[in-house]
Amino acid sequence: MARNGLNSSSTPGQEFTKSKINKENLQKISELLKYLKPYRTKFALGMVFLLLSSLTGLAFPALIKVMVDVAQGIKADYGMPNSVNTIGYIAFAILFVQAFVSFFRIRLFVEVAEKALADIRRDTYFKMITLPMNFFANRRVGELNSRISADLSQIQDTLTTTLAEMIRQIILLIGGISILIVVSGKLTLFNLSILPVIVVAGVFFGKAIRKISRQAQDKLAESNTIVEETLQGISNVKAFVNEPYEAKRYDKSLREVVKIAVRGSNYRGGFASFIIFCLFGAIMGVIWYGSILVQQGGLSVGDLLAYMLYSVFVGAAMGSFPELYANVQKALGASERVLEILKEENEPISIHQTDHKIKDVIYGDLNFNNVHFSYPSRKDIIVLDGVSFTAKAGEKIAVVGPSGAGKSTIASLILGFYHAQNGEILFDGKPFSSFALTDIRNQVAIVPQDVILFGGTIKENIAYGKLTATDEEIADAAKKANAHLFITGFPEGYETVVGERGVKLSGGQRQRIAIARALLKNPAILILDEATSSLDSESERLVQEALEILMKGRTSIIIAHRLSTIREADQIIVLDKGQIVESGNHQQLLQNQDGLYKHLSALQFEV
Ligand SMILES: Nc1ncnc2c1ncn2[C@@H]1O[C@H](COP(=O)(O)OP(=O)(O)OP(=O)(O)O)[C@@H](O)[C@H]1O
């Protein structure tokens, strides 16, 4: 990164894949430039300041030349004053202007980039959370997270610093070379004759260094994966006392990183010594040849000094290009990945809360009509194979069956996380597609197996079911969910912070929070994904009581793992390998001696 620390991005150690700078890729990135549009006036002003600061920078060596010449009694040319003091004052005045415009240039660029990036971040985040479930099934959270953080920070760096730096250096390069030619054509010709050697060597070493550093990066990423995996599964590592195994694995991976990096250092070292030799050689050569020209009277001392300073400008500009170029390449790669997300097709969900008002009320009749379904990521495996059932408003339907039978998939289809390839799902006799997706999700609630609470207070977590709920409504829901007592048992009550950094709640407590959440939502259709891990009997009683209250007056689909809890269900559907193999109430199903239900009941000893 050319210059870090100007903005909020901080991505030390983050490595990026680069993209070639070509027309196609530049066109792609230009799609992101539309985010600069609202701030174009400030951006343009920043550009003007950038031009001014670069041009004023170019004026200094010229002033120094005149100053030195005048001091030696040589008459100033180009209408410049003949007094050292006046030239000094002018130099300071220009310096002041440069400092002034530099401040505004940086201030404006950072403001524009921060604002534009916040807009892109907002859009990317919103896009991400409205993408269909299938998108998430195929990607790791860490990868998506790094798009919002690292990729966008890379783009931000490019917009705030790299771009400006590039323009500045181009001005210094072109301006510098033009002035060099004017000051001394002979010296410039001499200088330019050694340039091709440096360029050829640069290309050769550059390629080799890039290749090796890419290998080192890959290896480093591999070793980072080991750290990530180990820390994520730290309880497994400890339980199996596999610390030495993990340490050895990491050590081996690190050794490889070092091996490659050391190999790379040969090229780096070689390149550095070559450049040092060429650079100082060139400077020496110029002073040598320049001194001869001064001796012969073809050049003044001021000219030689100015020439040296402009050479430094030009050299520095040239030297900065590879890094700037690499940064632009990284930003292109990052833009591509961000654009990929922005171009994905999202679900028809609005970002505005006001658009989420229920338009079509669902009363609770639910029909699965010959539903066939495979997950888009595994099209060859049929998960639901002609599932049909009817739940009348207010009925309790239990879905049972062995693991992997497709029970949770039924829940996902009701919520519209995925869509059936064949057959229909009907609400109140009307097809799924005739309802807005938000209407369906607003009127269906799920109490999942594993309840994840957000970092925040208990109150906020319950209110997730109805963002506008009053404190009374929240407490009322918590009471019905048998959660009020344990919540008020905490010193901070409803303001107790839970989630990653807060109080850890037990499985049963979390479930009761989820029930309170669902009660607030007041859905027509309720999906209960029963927890597989059994709660202790007191906790289970509290949860069960709360669930009974929650289910009252709603269509309930209970994905049951413990058959003891579904004896009262109006209908039990027995699912096996995506097909309904039996259905009926508890008593009816027990009659079928060879049936799967009877078999499952026998296995659980409870019935
Ligand atoms: N997102 C997904 N992508 C691809 N396949 C999936 C996905 N989710 C589930 N499956 C597969 O679909 C099948 C049915 O899964 P489902 O979760 O519906 O079963 P289940 O009956 O609820 O099982 P369990 O009782 O273990 O929760 C399984 O073979 C599973 O591997």
# chains A, B, ... in the order shown; residues from 1 in each chain; ligands from 1
call {"tool": "residues_around", "arguments": {"residues": "Ile129 in chain A", "least_positions_apart": "5", "cutoff": "10 Å", "atoms": "only C-alpha atoms", "output": "PyMOL selection string"}}
result
chain A and resi 124+136+346-347+349
call {"tool": "residues_near_ligand", "arguments": {"ligand": "ligand 1", "cutoff": "10 Å", "atoms": "only C-alpha atoms and all ligand atoms", "output": "ChimeraX atom specification"}}
result
/A:133-138,373-379,381-384,399-413,417-418,449,529-532,559-561,575-578
call {"tool": "select_by_dssp", "arguments": {"residues": "range 291-397 of chain A", "states": "strand (DSSP E)", "output": "list in words"}}
result
Leu366, Asn367, Phe368, Asn369, Asn370, Val371, His372, Phe373, Leu384, Asp385, Gly386, Val387, Ser388, Phe389, Thr390, Ala391, Lys396 and Ile397 of chain A
call {"tool": "write_last_selection", "arguments": {"atoms": "N, CA and C atoms", "output": "PDB file, in the first residue's frame"}}
result
ATOM      1  N   LEU A 366     -52.370 -24.324   5.248  1.00  0.00           N
ATOM      2  CA  LEU A 366     -51.109 -24.572   4.532  1.00  0.00           C
ATOM      3  C   LEU A 366     -51.208 -25.887   3.772  1.00  0.00           C
ATOM      4  N   ASN A 367     -50.820 -25.824   2.509  1.00  0.00           N
ATOM      5  CA  ASN A 367     -50.876 -27.023   1.670  1.00  0.00           C
ATOM      6  C   ASN A 367     -49.553 -27.280   0.988  1.00  0.00           C
ATOM      7  N   PHE A 368     -49.084 -28.500   1.044  1.00  0.00           N
ATOM      8  CA  PHE A 368     -47.974 -28.917   0.195  1.00  0.00           C
ATOM      9  C   PHE A 368     -48.604 -29.801  -0.853  1.00  0.00           C
ATOM     10  N   ASN A 369     -48.398 -29.467  -2.099  1.00  0.00           N
ATOM     11  CA  ASN A 369     -49.070 -30.205  -3.156  1.00  0.00           C
ATOM     12  C   ASN A 369     -48.035 -30.844  -4.079  1.00  0.00           C
ATOM     13  N   ASN A 370     -47.743 -32.107  -3.842  1.00  0.00           N
ATOM     14  CA  ASN A 370     -46.797 -32.847  -4.683  1.00  0.00           C
ATOM     15  C   ASN A 370     -45.464 -32.090  -4.877  1.00  0.00           C
ATOM     16  N   VAL A 371     -44.887 -31.695  -3.759  1.00  0.00           N
ATOM     17  CA  VAL A 371     -43.680 -30.858  -3.828  1.00  0.00           C
ATOM     18  C   VAL A 371     -42.423 -31.717  -4.063  1.00  0.00           C
ATOM     19  N   HIS A 372     -41.695 -31.337  -5.102  1.00  0.00           N
ATOM     20  CA  HIS A 372     -40.403 -31.977  -5.405  1.00  0.00           C
ATOM     21  C   HIS A 372     -39.327 -30.926  -5.216  1.00  0.00           C
ATOM     22  N   PHE A 373     -38.255 -31.325  -4.567  1.00  0.00           N
ATOM     23  CA  PHE A 373     -37.210 -30.323  -4.338  1.00  0.00           C
ATOM     24  C   PHE A 373     -35.813 -30.926  -4.214  1.00  0.00           C
ATOM     25  N   LEU A 384     -36.894 -33.693  -1.429  1.00  0.00           N
ATOM     26  CA  LEU A 384     -38.328 -33.930  -1.236  1.00  0.00           C
ATOM     27  C   LEU A 384     -38.876 -34.502  -2.544  1.00  0.00           C
ATOM     28  N   ASP A 385     -39.566 -35.635  -2.393  1.00  0.00           N
ATOM     29  CA  ASP A 385     -39.970 -36.362  -3.600  1.00  0.00           C
ATOM     30  C   ASP A 385     -41.486 -36.540  -3.611  1.00  0.00           C
ATOM     31  N   GLY A 386     -42.191 -35.489  -4.009  1.00  0.00           N
ATOM     32  CA  GLY A 386     -43.642 -35.565  -4.095  1.00  0.00           C
ATOM     33  C   GLY A 386     -44.324 -35.508  -2.738  1.00  0.00           C
ATOM     34  N   VAL A 387     -43.971 -34.474  -1.948  1.00  0.00           N
ATOM     35  CA  VAL A 387     -44.572 -34.344  -0.607  1.00  0.00           C
ATOM     36  C   VAL A 387     -45.897 -33.589  -0.687  1.00  0.00           C
ATOM     37  N   SER A 388     -46.954 -34.196  -0.151  1.00  0.00           N
ATOM     38  CA  SER A 388     -48.256 -33.527  -0.113  1.00  0.00           C
ATOM     39  C   SER A 388     -48.846 -33.666   1.282  1.00  0.00           C
ATOM     40  N   PHE A 389     -49.307 -32.561   1.850  1.00  0.00           N
ATOM     41  CA  PHE A 389     -50.088 -32.623   3.095  1.00  0.00           C
ATOM     42  C   PHE A 389     -50.873 -31.337   3.240  1.00  0.00           C
ATOM     43  N   THR A 390     -51.861 -31.405   4.122  1.00  0.00           N
ATOM     44  CA  THR A 390     -52.696 -30.229   4.327  1.00  0.00           C
ATOM     45  C   THR A 390     -52.752 -29.931   5.814  1.00  0.00           C
ATOM     46  N   ALA A 391     -52.546 -28.676   6.158  1.00  0.00           N
ATOM     47  CA  ALA A 391     -52.707 -28.246   7.549  1.00  0.00           C
ATOM     48  C   ALA A 391     -53.773 -27.168   7.554  1.00  0.00           C
ATOM     49  N   LYS A 396     -52.124 -28.618  14.539  1.00  0.00           N
ATOM     50  CA  LYS A 396     -50.728 -28.936  14.852  1.00  0.00           C
ATOM     51  C   LYS A 396     -50.311 -30.103  13.983  1.00  0.00           C
ATOM     52  N   ILE A 397     -49.320 -29.883  13.170  1.00  0.00           N
ATOM     53  CA  ILE A 397     -48.827 -30.953  12.302  1.00  0.00           C
ATOM     54  C   ILE A 397     -47.405 -31.290  12.728  1.00  0.00           C
TER      55      ILE A 397
END
call {"tool": "closest_residue", "arguments": {"among": "A:Ile558, A:Leu173, A:Ser213, A:Cys278", "to": "Ala201 in chain A", "atoms": "only C-alpha atoms"}}
result
A:Cys278
call {"tool": "closest_residue", "arguments": {"among": "A:Ile557, A:Val328, A:Ile194, A:Leu528", "to": "Asp570 in chain A", "atoms": "only C-alpha atoms"}}
result
A:Ile557
call {"tool": "atom_distance", "arguments": {"atom1": "CA of Pro196 in chain A", "atom2": "CA of Val183 in chain A"}}
result
21.9 Å
call {"tool": "atom_distance", "arguments": {"atom1": "CA of Val48 in chain A", "atom2": "CA of Phe60 in chain A"}}
result
19.4 Å
